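Each remark here refers to the structure printed beneath this line.
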Amino acid sequence: MFRNQYDNDASTWSPQGRIFQIEYAIEAVKQGSAVVGLKSNTHAVLVARSPNELASYQKKIVKIDKHMGVAIAGLTSDARVLGNYLRSEAMRFRMVYDLQIPVGRAMEALGSKAQTNTQVYGGRPYGVGLLVIGKDSKGPHLFEFSPSGMTSEYFAFSIGSRSQTARTYLERNYAQFENMDLKTLIKEGLTALKDTLPQDKQLDAENTSIAFVGVDQDLTIVDGPEVAAYLETIDSTEMELE
Amino acid sequence: MSSSLLLSKKNSDVTENGTYKHTTSPIVTGTSVLALKYKDGVMMASDCLASYGSLARFRNVRRLQPIGTHTILGASGEISDFQFIQNQFEGLMLKEHVEDGQKLETSSIYRYLSNVMYGRRSKVDPLWNKYIVAGVEPSKNNNIFLGFVDLYGTTYQSSVMATGFGAHIALPIMRKYAEPRADSLTEEEASKILDDCMRVLYYRDARSFNKIQKAKVTAQGVEISEPYSLSTNWDFAESIIGYGS
């Protein structure tokens, strides 16, 4: 009668040592459109493409604080909850310490919150993966958040549908990112993102979002017409961005 | 809840009629702390006395405490409440250091302390102190920081600062000789102004003591002197008539 005896709730193990509900939640992340994150010694960048062409495009990148932003792959409503949580943690840290929250601290808090859902009876894991960029006293950072509650730091990473192709590109090239300027770093991000697109789709100013933060630069989110200038850099590498 | 039930919980704060009595006056106290900004950083001074009322009870108490690498905390008022704060910061700084090496700088330490102080006053159970927080912030281009917080959570920042009787006796001296020249004052000049102020306080403040410490914070970090004594001259006492003599 039951296809799987061990996937009725998130706190039950299978005899093979798996927790199916968490794996299903990770599948939800893979159904969201891909987002790419990467960083240099001075900057961290997120690029994302929204798949929804009807009405206005769904936001893929949201601001958390002056120094921190996240890109979303998976259930948007769960992302909203996590985004609000991160914002309140960031504000709490500002209130207590008069300081922007260190990115690792924010991720630790987020991870603990999400992990609780996988251990307490009756809960469900969040069906969303996040790429988080930010800066603190230790420079720029890029983190991945997964529904299991795991948070890992990367030089470059991609999550979402067909993100493996982007990761392959990033794995081949990440060694050069270290000393890149912001412009080139964004170009690399867009190139990796382009690899994840379905055959008949392309990046354009309507569906692409870019966010970046630097050691001496607050988080900036670029979408709409201004994206076109950045997209030109991948259309023809010779063309210089002014 | 009946008062006897509350008493049976062995909470020493609970009185016979079931109400709480929190601190309404300090018991073992430290007197003035002085601090001023100078060219390369900030300097602070206090004596080593913890009074029990008017009795000079403990004469080797250090009231200047380093917090982290570039901050010092100077305490006046209830010494046991200061020891509580010292414990809090020991735990906090260890946690900050061990977890991810994100160091807390002076302004963060100041904000945290003022939150603790205001939090306790809001429970109507204040920590009976006046604190001076001083430091240099390497990540903010070596910004020199000097801030005050008291038992009500009142805060202010200034280039010269004094708690207790020093706010009456030493502050006008520091305002005259240190404040207008905070940017150009040398370490020797700053040191002399503080010594002179501490000497005047020793003459005037009956809860003071001629065993003092000075501390400075520069971009290089914290330095706190060992206790030392100032030269004094009591010749004028001969000419004082009255007061039972």
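Each chain in the structure tokens gets a letter, A, B and so on, in the order shown; residues start at 1 in every chain, and ligands are counted from 1 in the order they appear.
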Contacts of chain B with chain A up to 8 Å, shortest pair per row, only C-alpha atoms, as a tab-separated table:
residue	atom	partner	partner_atom	distance
B:Asp100	CA	A:Gly104	CA	7.9
B:Gln102	CA	A:Ser137	CA	6.7
B:Ser107	CA	A:Asp98	CA	7.0
B:Ser108	CA	A:Tyr97	CA	4.5
B:Ile109	CA	A:Tyr97	CA	6.9
B:Arg111	CA	A:Tyr97	CA	5.4
B:Tyr112	CA	A:Tyr97	CA	5.4
B:Asn115	CA	A:Val96	CA	6.7
B:Ser139	CA	A:Ser137	CA	7.5
Limited to N, CA, C and O atoms, could you put the picked residues into a file as a PDB file, in the first residue's frame?
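Generated output (selection04.pdb):
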ATOM      1  N   ASP B 100      34.726  32.256  15.571  1.00  0.00           N
ATOM      2  CA  ASP B 100      35.098  32.574  14.196  1.00  0.00           C
ATOM      3  C   ASP B 100      36.115  33.701  14.081  1.00  0.00           C
ATOM      4  O   ASP B 100      36.368  34.193  12.992  1.00  0.00           O
ATOM      5  N   GLN B 102      35.906  36.728  14.722  1.00  0.00           N
ATOM      6  CA  GLN B 102      35.379  38.060  14.423  1.00  0.00           C
ATOM      7  C   GLN B 102      35.514  38.870  15.699  1.00  0.00           C
ATOM      8  O   GLN B 102      34.714  38.735  16.615  1.00  0.00           O
ATOM      9  N   SER B 107      33.481  50.082  19.954  1.00  0.00           N
ATOM     10  CA  SER B 107      32.110  50.595  19.891  1.00  0.00           C
ATOM     11  C   SER B 107      31.090  49.475  20.089  1.00  0.00           C
ATOM     12  O   SER B 107      30.004  49.700  20.629  1.00  0.00           O
ATOM     13  N   SER B 108      31.433  48.240  19.670  1.00  0.00           N
ATOM     14  CA  SER B 108      30.534  47.107  19.885  1.00  0.00           C
ATOM     15  C   SER B 108      30.491  46.712  21.355  1.00  0.00           C
ATOM     16  O   SER B 108      29.426  46.394  21.896  1.00  0.00           O
ATOM     17  N   ILE B 109      31.653  46.741  21.998  1.00  0.00           N
ATOM     18  CA  ILE B 109      31.728  46.429  23.424  1.00  0.00           C
ATOM     19  C   ILE B 109      30.928  47.463  24.217  1.00  0.00           C
ATOM     20  O   ILE B 109      30.189  47.137  25.143  1.00  0.00           O
ATOM     21  N   ARG B 111      28.382  49.314  23.074  1.00  0.00           N
ATOM     22  CA  ARG B 111      26.963  49.128  22.836  1.00  0.00           C
ATOM     23  C   ARG B 111      26.431  47.958  23.663  1.00  0.00           C
ATOM     24  O   ARG B 111      25.368  48.035  24.272  1.00  0.00           O
ATOM     25  N   TYR B 112      27.214  46.867  23.684  1.00  0.00           N
ATOM     26  CA  TYR B 112      26.794  45.688  24.445  1.00  0.00           C
ATOM     27  C   TYR B 112      26.659  46.042  25.932  1.00  0.00           C
ATOM     28  O   TYR B 112      25.649  45.723  26.562  1.00  0.00           O
ATOM     29  N   ASN B 115      23.662  48.130  26.648  1.00  0.00           N
ATOM     30  CA  ASN B 115      22.447  47.313  26.612  1.00  0.00           C
ATOM     31  C   ASN B 115      22.263  46.533  27.905  1.00  0.00           C
ATOM     32  O   ASN B 115      21.147  46.422  28.417  1.00  0.00           O
ATOM     33  N   SER B 139      39.720  48.571  12.599  1.00  0.00           N
ATOM     34  CA  SER B 139      38.976  48.437  11.342  1.00  0.00           C
ATOM     35  C   SER B 139      38.343  49.766  10.918  1.00  0.00           C
ATOM     36  O   SER B 139      37.868  49.897   9.792  1.00  0.00           O
TER      37      SER B 139
END
Residue neighbourhood segment 32-37 of chain B, 7 Å, only C-alpha atoms, exclusion window fewer than 2 positions, as a compact mmCIF listing (two decimals) with C-alpha atoms, in the first residue's frame:
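Contents of the output file selection-v6.txt:
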# COMPACT_ATOMS: atom_id res chain seq x y z
CA GLY B 30 35.39 52.41 43.84
CA GLY B 41 44.91 57.08 21.47
CA VAL B 42 43.22 57.26 24.79
CA MET B 43 44.45 57.19 28.38
CA MET B 44 42.66 56.28 31.60
CA ALA B 45 43.43 56.46 35.32
CA SER B 46 41.91 55.23 38.54
CA GLY B 74 37.21 51.51 33.78
CA ALA B 75 34.72 51.01 36.60
CA SER B 76 33.54 53.12 39.49
CA SER B 159 37.12 63.57 24.45
CA VAL B 160 37.51 63.98 28.23
CA MET B 161 35.59 62.02 30.80
CA ALA B 162 35.37 61.47 34.55
CA THR B 163 33.12 59.55 36.93
CA GLY B 164 32.26 60.22 40.57
CA PHE B 165 33.90 63.09 42.43
CA GLY B 166 36.28 63.40 39.49
CA ALA B 182 42.91 66.31 22.08
Residue contacts of Thr76 of chain A (12 Å, only C-alpha atoms) excluding same-chain residues fewer than 3 positions away, as an MDAnalysis selection string
chainID A and resid 28:29 31:33 50 58:62 71:73 79:83 126:130
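Taking atom CA of Ile133 of chain A as the reference point, atom CA of Val45 of chain A is found at 6.9 Å.
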Any idea what's packed within 6 Å of His70 of chain B, counting only C-alpha atoms, ignoring anything in its chain fewer than 4 positions away? Could you give it as a ChimeraX atom specification?
/B:135-136,221-222
Which one is closest to Leu49 of chain B: B:Arg181, B:Asn129, B:Arg121, B:Ile79? Count only C-alpha atoms.
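Comparing B:Arg181, B:Asn129, B:Arg121, B:Ile79 against Leu49 of chain B, the winner is B:Ile79.
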Distance of atom CA of Ser80 of chain B from atom CA of Leu151 of chain B, expressed in Å to one decimal place:
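Atom CA of Leu151 of chain B sits 13.7 Å away from atom CA of Ser80 of chain B.
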Nearest residue to Gly119 of chain B from the set B:Asp47, B:Asp150, B:Glu187, B:Glu226 (distances using only C-alpha atoms)
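With only C-alpha atoms as the atom set, the closest residue is B:Asp150.
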Got a sec to tell me which of segment 47-238 of chain A DSSP assigns to strand (DSSP E or B), as a PyMOL selection string?
chain A and resi 47-49+61-65+68-74+128-136+139-145+151-153+156-159+208-214+217-223
Nearest residue to Ile22 of chain A from the set A:Ala90, A:Ala44, A:Met150, A:Val70 (distances using only C-alpha atoms)
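The shortest atom-to-atom distance to Ile22 of chain A comes from A:Met150.
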Measuring between only C-alpha atoms, which one of B:Arg120, B:Lys95, B:Lys216, B:Lys176 shows the shortest distance to Ile193 of chain B?
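Looking only at the distances to Ile193 of chain B, the closest residue turns out to be B:Lys176.
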